[in-house]
file data_36.pdb (PDB, C-alpha atoms)
ATOM      1  CA  MET A   1      12.628  -5.794   8.751  1.00  0.00           C
ATOM      2  CA  LEU A   2       9.919  -4.245   6.547  1.00  0.00           C
ATOM      3  CA  ILE A   3      12.466  -2.162   4.628  1.00  0.00           C
ATOM      4  CA  ALA A   4      14.668  -5.240   4.220  1.00  0.00           C
ATOM      5  CA  VAL A   5      11.691  -7.098   2.742  1.00  0.00           C
ATOM      6  CA  LEU A   6      10.984  -4.216   0.369  1.00  0.00           C
ATOM      7  CA  GLU A   7      14.580  -4.001  -0.778  1.00  0.00           C
ATOM      8  CA  LYS A   8      14.686  -7.775  -1.311  1.00  0.00           C
ATOM      9  CA  GLU A   9      17.449  -8.128   1.291  1.00  0.00           C
ATOM     10  CA  HIS A  10      15.260 -10.387   3.400  1.00  0.00           C
ATOM     11  CA  GLN A  11      13.285 -13.199   1.822  1.00  0.00           C
ATOM     12  CA  ALA A  12       9.795 -13.124   3.281  1.00  0.00           C
ATOM     13  CA  GLU A  13       7.840 -16.295   3.416  1.00  0.00           C
ATOM     14  CA  SER A  14       4.446 -15.309   2.236  1.00  0.00           C
ATOM     15  CA  ASN A  15       2.270 -17.137   4.728  1.00  0.00           C
ATOM     16  CA  PRO A  16       3.873 -16.395   8.134  1.00  0.00           C
ATOM     17  CA  LEU A  17       4.636 -12.769   7.327  1.00  0.00           C
ATOM     18  CA  ARG A  18       1.251 -12.220   5.728  1.00  0.00           C
ATOM     19  CA  ILE A  19      -0.526 -13.641   8.782  1.00  0.00           C
ATOM     20  CA  ARG A  20       1.419 -11.356  11.132  1.00  0.00           C
ATOM     21  CA  LEU A  21       0.845  -8.298   8.965  1.00  0.00           C
ATOM     22  CA  ARG A  22      -2.870  -9.006   8.584  1.00  0.00           C
ATOM     23  CA  ASN A  23      -3.206  -9.396  12.344  1.00  0.00           C
ATOM     24  CA  LEU A  24      -1.414  -6.091  12.827  1.00  0.00           C
ATOM     25  CA  ILE A  25      -3.724  -4.388  10.361  1.00  0.00           C
ATOM     26  CA  ARG A  26      -6.784  -5.883  12.036  1.00  0.00           C
ATOM     27  CA  ARG A  27      -5.568  -4.590  15.397  1.00  0.00           C
ATOM     28  CA  MET A  28      -5.008  -1.142  13.878  1.00  0.00           C
ATOM     29  CA  LYS A  29      -8.515  -1.152  12.432  1.00  0.00           C
ATOM     30  CA  SER A  30     -10.052  -2.215  15.732  1.00  0.00           C
ATOM     31  CA  ALA A  31      -8.226   0.666  17.419  1.00  0.00           C
ATOM     32  CA  ALA A  32     -10.382   2.994  15.329  1.00  0.00           C
ATOM     33  CA  PHE A  33     -13.387   1.869  17.365  1.00  0.00           C
ATOM     34  CA  CYS A  34     -11.885   2.325  20.828  1.00  0.00           C
ATOM     35  CA  GLY A  35     -13.021   5.939  21.217  1.00  0.00           C
ATOM     36  CA  ILE A  36      -9.611   7.594  21.469  1.00  0.00           C
ATOM     37  CA  PRO A  37      -9.464  10.588  19.112  1.00  0.00           C
ATOM     38  CA  GLY A  38      -7.007   9.944  16.312  1.00  0.00           C
ATOM     39  CA  SER A  39      -6.377   6.331  17.288  1.00  0.00           C
ATOM     40  CA  GLY A  40      -7.699   5.025  13.983  1.00  0.00           C
ATOM     41  CA  ALA A  41      -6.342   7.779  11.774  1.00  0.00           C
ATOM     42  CA  GLY A  42      -5.185   6.399   8.472  1.00  0.00           C
ATOM     43  CA  SER A  43      -6.502   2.877   8.989  1.00  0.00           C
ATOM     44  CA  ARG A  44      -9.137   3.374   6.309  1.00  0.00           C
ATOM     45  CA  PHE A  45      -6.365   3.546   3.713  1.00  0.00           C
ATOM     46  CA  TYR A  46      -5.493  -0.149   4.022  1.00  0.00           C
ATOM     47  CA  PRO A  47      -7.240  -1.744   1.061  1.00  0.00           C
ATOM     48  CA  ARG A  48      -8.848  -5.014   2.093  1.00  0.00           C
ATOM     49  CA  ALA A  49      -9.215  -6.267  -1.467  1.00  0.00           C
ATOM     50  CA  LEU A  50      -5.482  -5.975  -2.088  1.00  0.00           C
ATOM     51  CA  LEU A  51      -4.408  -7.477   1.218  1.00  0.00           C
ATOM     52  CA  ASN A  52      -6.792 -10.404   0.887  1.00  0.00           C
ATOM     53  CA  ASP A  53      -5.492 -11.271  -2.586  1.00  0.00           C
ATOM     54  CA  GLU A  54      -3.442 -14.456  -2.243  1.00  0.00           C
ATOM     55  CA  ASN A  55      -1.002 -13.183  -4.890  1.00  0.00           C
ATOM     56  CA  PHE A  56      -0.381  -9.868  -3.108  1.00  0.00           C
ATOM     57  CA  SER A  57       3.282  -9.955  -2.169  1.00  0.00           C
ATOM     58  CA  PRO A  58       4.738  -9.513   1.301  1.00  0.00           C
ATOM     59  CA  ARG A  59       6.847  -6.695  -0.151  1.00  0.00           C
ATOM     60  CA  ALA A  60       3.716  -4.780  -1.148  1.00  0.00           C
ATOM     61  CA  THR A  61       2.161  -5.392   2.263  1.00  0.00           C
ATOM     62  CA  ALA A  62       5.323  -4.042   3.877  1.00  0.00           C
ATOM     63  CA  LEU A  63       5.115  -0.965   1.636  1.00  0.00           C
ATOM     64  CA  LEU A  64       1.574  -0.256   2.804  1.00  0.00           C
ATOM     65  CA  LEU A  65       2.624  -0.640   6.430  1.00  0.00           C
ATOM     66  CA  LEU A  66       5.620   1.670   6.021  1.00  0.00           C
ATOM     67  CA  ALA A  67       3.654   4.336   4.183  1.00  0.00           C
ATOM     68  CA  SER A  68       2.989   6.421   7.283  1.00  0.00           C
ATOM     69  CA  ASP A  69       6.742   6.922   7.698  1.00  0.00           C
ATOM     70  CA  LYS A  70       7.612  10.269   6.118  1.00  0.00           C
ATOM     71  CA  SER A  71      11.333   9.582   5.741  1.00  0.00           C
ATOM     72  CA  ALA A  72      13.180  10.096   2.474  1.00  0.00           C
ATOM     73  CA  ASP A  73      14.027   6.374   2.407  1.00  0.00           C
ATOM     74  CA  VAL A  74      10.376   5.354   2.444  1.00  0.00           C
ATOM     75  CA  ARG A  75       9.480   7.983  -0.162  1.00  0.00           C
ATOM     76  CA  ALA A  76      12.235   6.566  -2.390  1.00  0.00           C
ATOM     77  CA  LEU A  77      10.855   3.038  -1.914  1.00  0.00           C
ATOM     78  CA  ILE A  78       7.382   4.235  -2.894  1.00  0.00           C
ATOM     79  CA  GLU A  79       8.807   5.982  -5.943  1.00  0.00           C
ATOM     80  CA  GLN A  80      10.517   2.748  -7.020  1.00  0.00           C
ATOM     81  CA  ALA A  81       7.317   0.770  -6.437  1.00  0.00           C
ATOM     82  CA  PHE A  82       5.564   2.590  -9.291  1.00  0.00           C
ATOM     83  CA  VAL A  83       7.894   0.871 -11.775  1.00  0.00           C
ATOM     84  CA  ASP A  84       8.464  -2.416  -9.946  1.00  0.00           C
ATOM     85  CA  ASP A  85       8.129  -5.676 -11.889  1.00  0.00           C
ATOM     86  CA  ASP A  86       5.701  -6.977  -9.260  1.00  0.00           C
ATOM     87  CA  TRP A  87       2.122  -5.880  -9.980  1.00  0.00           C
ATOM     88  CA  SER A  88       1.258  -5.820  -6.279  1.00  0.00           C
ATOM     89  CA  MET A  89       4.016  -3.283  -5.600  1.00  0.00           C
ATOM     90  CA  ARG A  90       2.622  -1.033  -8.343  1.00  0.00           C
ATOM     91  CA  ALA A  91      -0.926  -1.474  -6.996  1.00  0.00           C
ATOM     92  CA  ALA A  92       0.210  -0.621  -3.469  1.00  0.00           C
ATOM     93  CA  ALA A  93       1.985   2.492  -4.708  1.00  0.00           C
ATOM     94  CA  VAL A  94      -1.122   3.572  -6.603  1.00  0.00           C
ATOM     95  CA  GLN A  95      -3.229   2.971  -3.491  1.00  0.00           C
ATOM     96  CA  LEU A  96      -0.947   5.263  -1.507  1.00  0.00           C
ATOM     97  CA  ILE A  97      -1.780   8.167  -3.813  1.00  0.00           C
ATOM     98  CA  ALA A  98      -5.138   8.297  -2.020  1.00  0.00           C
ATOM     99  CA  ARG A  99      -3.347   9.540   1.093  1.00  0.00           C
ATOM    100  CA  PRO A 100      -3.136  13.333   1.289  1.00  0.00           C
ATOM    101  CA  GLN A 101       0.608  13.293   2.060  1.00  0.00           C
ATOM    102  CA  TYR A 102       1.277  11.466  -1.205  1.00  0.00           C
ATOM    103  CA  ALA A 103      -0.803  13.703  -3.453  1.00  0.00           C
ATOM    104  CA  LEU A 104       2.406  14.739  -5.230  1.00  0.00           C
ATOM    105  CA  TRP A 105       2.255  11.425  -7.094  1.00  0.00           C
ATOM    106  CA  ARG A 106      -1.198  11.992  -8.579  1.00  0.00           C
ATOM    107  CA  THR A 107       0.411  12.344 -12.007  1.00  0.00           C
ATOM    108  CA  ARG A 108       1.254   8.630 -11.714  1.00  0.00           C
ATOM    109  CA  LEU A 109      -2.441   7.727 -11.902  1.00  0.00           C
ATOM    110  CA  LEU A 110      -2.848   8.222 -15.640  1.00  0.00           C
ATOM    111  CA  PRO A 111      -0.012   5.847 -16.617  1.00  0.00           C
ATOM    112  CA  ALA A 112      -1.318   3.345 -14.043  1.00  0.00           C
ATOM    113  CA  LEU A 113      -4.670   3.323 -15.837  1.00  0.00           C
ATOM    114  CA  HIS A 114      -2.812   1.660 -18.732  1.00  0.00           C
ATOM    115  CA  ASP A 115      -0.793  -0.795 -16.650  1.00  0.00           C
ATOM    116  CA  THR A 116      -0.318  -4.307 -17.999  1.00  0.00           C
ATOM    117  CA  ASN A 117      -2.061  -5.771 -14.944  1.00  0.00           C
ATOM    118  CA  LYS A 118      -5.805  -5.277 -14.570  1.00  0.00           C
ATOM    119  CA  LYS A 119      -5.605  -5.141 -10.765  1.00  0.00           C
ATOM    120  CA  VAL A 120      -3.294  -2.135 -10.985  1.00  0.00           C
ATOM    121  CA  ARG A 121      -5.593  -0.522 -13.559  1.00  0.00           C
ATOM    122  CA  PHE A 122      -8.678  -1.061 -11.378  1.00  0.00           C
ATOM    123  CA  ARG A 123      -6.893   0.305  -8.296  1.00  0.00           C
ATOM    124  CA  ALA A 124      -5.789   3.358 -10.286  1.00  0.00           C
ATOM    125  CA  ALA A 125      -9.344   3.901 -11.517  1.00  0.00           C
ATOM    126  CA  ALA A 126     -10.706   3.681  -7.975  1.00  0.00           C
ATOM    127  CA  VAL A 127      -8.193   6.220  -6.682  1.00  0.00           C
ATOM    128  CA  TYR A 128      -8.862   8.463  -9.669  1.00  0.00           C
ATOM    129  CA  LEU A 129     -12.611   8.362  -9.002  1.00  0.00           C
ATOM    130  CA  ARG A 130     -11.998   9.223  -5.384  1.00  0.00           C
ATOM    131  CA  PHE A 131     -10.321  12.462  -6.460  1.00  0.00           C
ATOM    132  CA  SER A 132     -12.940  13.317  -9.055  1.00  0.00           C
ATOM    133  CA  ARG A 133     -15.716  13.613  -6.465  1.00  0.00           C
TER
END
call {"tool": "encode", "arguments": {"input": "data_36.pdb", "output": "structure tokens"}}
result
Amino acid sequence: MLIAVLEKEHQAESNPLRIRLRNLIRRMKSAAFCGIPGSGAGSRFYPRALLNDENFSPRATALLLLASDKSADVRALIEQAFVDDDWSMRAAAVQLIARPQYALWRTRLLPALHDTNKKVRFRAAAVYLRFSR
């Protein structure tokens, strides 16, 4: 279903899908505190500011949720997200560069710093600063 949302094959209603995805993310974050080694791995990469933005699309939320999948299909969807018309898709793709497995896209940060949307630019700057430490 998440891939269908990303590929615009399934029309996601923002509110019901967003509520379900936020609840899933909250459950994943709470798993980080349960004391099982590795149970919260990767949960710190879900950006609260993006997900709490009322204009953040369900497609972008689905992209963030699918990001742990290492398949070629998901990598292709992430690659397309960098040039998507939707600012939230571009911001989500930029956010994913912070993950070690997506370091190959670090060259996408510089163009993102000049994006037409300030939220994408700010996200790119934050990821860039993370790497400059």
call {"tool": "resolve_selection", "arguments": {"input": "data_36.pdb", "expression": "the PyMOL selection byres ((chain A and resi 105) around 10)", "output": "PyMOL selection string"}}
result
chain A and resi 78-79+82+93-94+96-98+101-104+106-109
call {"tool": "closest_atom_pairs", "arguments": {"input": "data_36.pdb", "of": "stretch 57-100 of chain A", "to": "stretch 112-123 of chain A", "cutoff": "7 Å", "atoms": "all atoms listed in the file", "output": "JSON lines"}}
result
{"residue": "A:Trp87", "atom": "CA", "partner": "A:Asn117", "partner_atom": "CA", "distance": 6.5}
{"residue": "A:Arg90", "atom": "CA", "partner": "A:Val120", "partner_atom": "CA", "distance": 6.6}
{"residue": "A:Ala91", "atom": "CA", "partner": "A:Val120", "partner_atom": "CA", "distance": 4.7}
{"residue": "A:Val94", "atom": "CA", "partner": "A:Arg123", "partner_atom": "CA", "distance": 6.8}
{"residue": "A:Gln95", "atom": "CA", "partner": "A:Arg123", "partner_atom": "CA", "distance": 6.6}
call {"tool": "residues_around", "arguments": {"input": "data_36.pdb", "residues": "A:Leu77", "least_positions_apart": "3", "cutoff": "9 Å", "atoms": "only C-alpha atoms", "output": "ChimeraX atom specification"}}
result
/A:3,6-7,63,72-74,80-81
call {"tool": "atom_distance", "arguments": {"input": "data_36.pdb", "atom1": "atom CA of A:Lys70", "atom2": "atom CA of A:Lys8"}}
result
20.8 Å
call {"tool": "atom_distance", "arguments": {"input": "data_36.pdb", "atom1": "atom CA of A:Ser132", "atom2": "atom CA of A:Leu50"}}
result
21.8 Å
call {"tool": "closest_residue", "arguments": {"input": "data_36.pdb", "among": "A:Leu110, A:Leu51, A:Ala76, A:Ala126", "to": "A:Ala92", "atoms": "all atoms listed in the file"}}
result
A:Leu51
call {"tool": "closest_residue", "arguments": {"input": "data_36.pdb", "among": "A:Ala60, A:Pro100, A:Leu66, A:Ala125", "to": "A:Asp84", "atoms": "only C-alpha atoms"}}
result
A:Ala60
call {"tool": "axis_aligned_box", "arguments": {"input": "data_36.pdb", "around": "stretch 84-96 of chain A", "padding_each_side": "5 Å", "output": "JSON"}}
result
{"center_x": 2.6, "center_y": -0.9, "center_z": -6.7, "size_x": 21.7, "size_y": 22.2, "size_z": 20.4}
call {"tool": "decode", "arguments": {"input": "data_36.pdb", "residues": "stretch 43-101 of chain A", "atoms": "C-alpha atoms", "output": "PDB file, in the first residue's frame"}}
result
ATOM      1  CA  SER A  43      13.840   5.439  14.834  1.00  0.00           C
ATOM      2  CA  ARG A  44      15.824   8.607  15.467  1.00  0.00           C
ATOM      3  CA  PHE A  45      15.797   9.288  11.727  1.00  0.00           C
ATOM      4  CA  TYR A  46      12.071  10.074  11.637  1.00  0.00           C
ATOM      5  CA  PRO A  47      11.942  13.862  11.641  1.00  0.00           C
ATOM      6  CA  ARG A  48       9.191  15.077  13.941  1.00  0.00           C
ATOM      7  CA  ALA A  49       9.099  18.556  12.434  1.00  0.00           C
ATOM      8  CA  LEU A  50       8.360  17.175   8.978  1.00  0.00           C
ATOM      9  CA  LEU A  51       5.783  14.639  10.101  1.00  0.00           C
ATOM     10  CA  ASN A  52       3.946  17.165  12.247  1.00  0.00           C
ATOM     11  CA  ASP A  53       3.662  19.639   9.366  1.00  0.00           C
ATOM     12  CA  GLU A  54       0.023  19.644   8.259  1.00  0.00           C
ATOM     13  CA  ASN A  55       1.118  20.094   4.629  1.00  0.00           C
ATOM     14  CA  PHE A  56       3.480  17.098   4.689  1.00  0.00           C
ATOM     15  CA  SER A  57       2.005  14.665   2.197  1.00  0.00           C
ATOM     16  CA  PRO A  58       1.039  11.061   2.856  1.00  0.00           C
ATOM     17  CA  ARG A  59       3.332  10.118  -0.033  1.00  0.00           C
ATOM     18  CA  ALA A  60       6.322  11.634   1.763  1.00  0.00           C
ATOM     19  CA  THR A  61       5.353   9.906   5.003  1.00  0.00           C
ATOM     20  CA  ALA A  62       5.170   6.613   3.118  1.00  0.00           C
ATOM     21  CA  LEU A  63       8.633   7.284   1.673  1.00  0.00           C
ATOM     22  CA  LEU A  64      10.081   7.752   5.149  1.00  0.00           C
ATOM     23  CA  LEU A  65       8.447   4.538   6.332  1.00  0.00           C
ATOM     24  CA  LEU A  66       9.724   2.549   3.349  1.00  0.00           C
ATOM     25  CA  ALA A  67      13.257   3.891   3.626  1.00  0.00           C
ATOM     26  CA  SER A  68      14.551   0.938   5.627  1.00  0.00           C
ATOM     27  CA  ASP A  69      13.723  -1.354   2.699  1.00  0.00           C
ATOM     28  CA  LYS A  70      16.921  -1.818   0.695  1.00  0.00           C
ATOM     29  CA  SER A  71      15.229  -3.005  -2.497  1.00  0.00           C
ATOM     30  CA  ALA A  72      15.979  -1.490  -5.886  1.00  0.00           C
ATOM     31  CA  ASP A  73      12.335  -0.384  -6.161  1.00  0.00           C
ATOM     32  CA  VAL A  74      12.538   1.704  -3.003  1.00  0.00           C
ATOM     33  CA  ARG A  75      15.904   3.163  -4.028  1.00  0.00           C
ATOM     34  CA  ALA A  76      14.334   4.180  -7.354  1.00  0.00           C
ATOM     35  CA  LEU A  77      11.423   5.829  -5.517  1.00  0.00           C
ATOM     36  CA  ILE A  78      13.860   7.774  -3.341  1.00  0.00           C
ATOM     37  CA  GLU A  79      15.811   8.835  -6.415  1.00  0.00           C
ATOM     38  CA  GLN A  80      12.608  10.142  -8.019  1.00  0.00           C
ATOM     39  CA  ALA A  81      11.651  11.959  -4.814  1.00  0.00           C
ATOM     40  CA  PHE A  82      14.613  14.334  -5.168  1.00  0.00           C
ATOM     41  CA  VAL A  83      12.968  15.872  -8.247  1.00  0.00           C
ATOM     42  CA  ASP A  84       9.309  15.439  -7.301  1.00  0.00           C
ATOM     43  CA  ASP A  85       6.951  18.405  -7.694  1.00  0.00           C
ATOM     44  CA  ASP A  86       5.832  17.975  -4.079  1.00  0.00           C
ATOM     45  CA  TRP A  87       8.144  19.802  -1.661  1.00  0.00           C
ATOM     46  CA  SER A  88       7.494  17.257   1.086  1.00  0.00           C
ATOM     47  CA  MET A  89       8.767  14.432  -1.128  1.00  0.00           C
ATOM     48  CA  ARG A  90      11.979  16.382  -1.770  1.00  0.00           C
ATOM     49  CA  ALA A  91      12.333  17.159   1.954  1.00  0.00           C
ATOM     50  CA  ALA A  92      11.827  13.500   2.857  1.00  0.00           C
ATOM     51  CA  ALA A  93      14.437  12.430   0.325  1.00  0.00           C
ATOM     52  CA  VAL A  94      16.895  14.972   1.708  1.00  0.00           C
ATOM     53  CA  GLN A  95      16.187  13.736   5.237  1.00  0.00           C
ATOM     54  CA  LEU A  96      17.041  10.198   4.166  1.00  0.00           C
ATOM     55  CA  ILE A  97      20.559  11.283   3.221  1.00  0.00           C
ATOM     56  CA  ALA A  98      21.257  11.394   6.964  1.00  0.00           C
ATOM     57  CA  ARG A  99      21.011   7.603   7.051  1.00  0.00           C
ATOM     58  CA  PRO A 100      24.354   5.869   6.515  1.00  0.00           C
ATOM     59  CA  GLN A 101      22.942   3.512   3.858  1.00  0.00           C
TER      60      GLN A 101
END
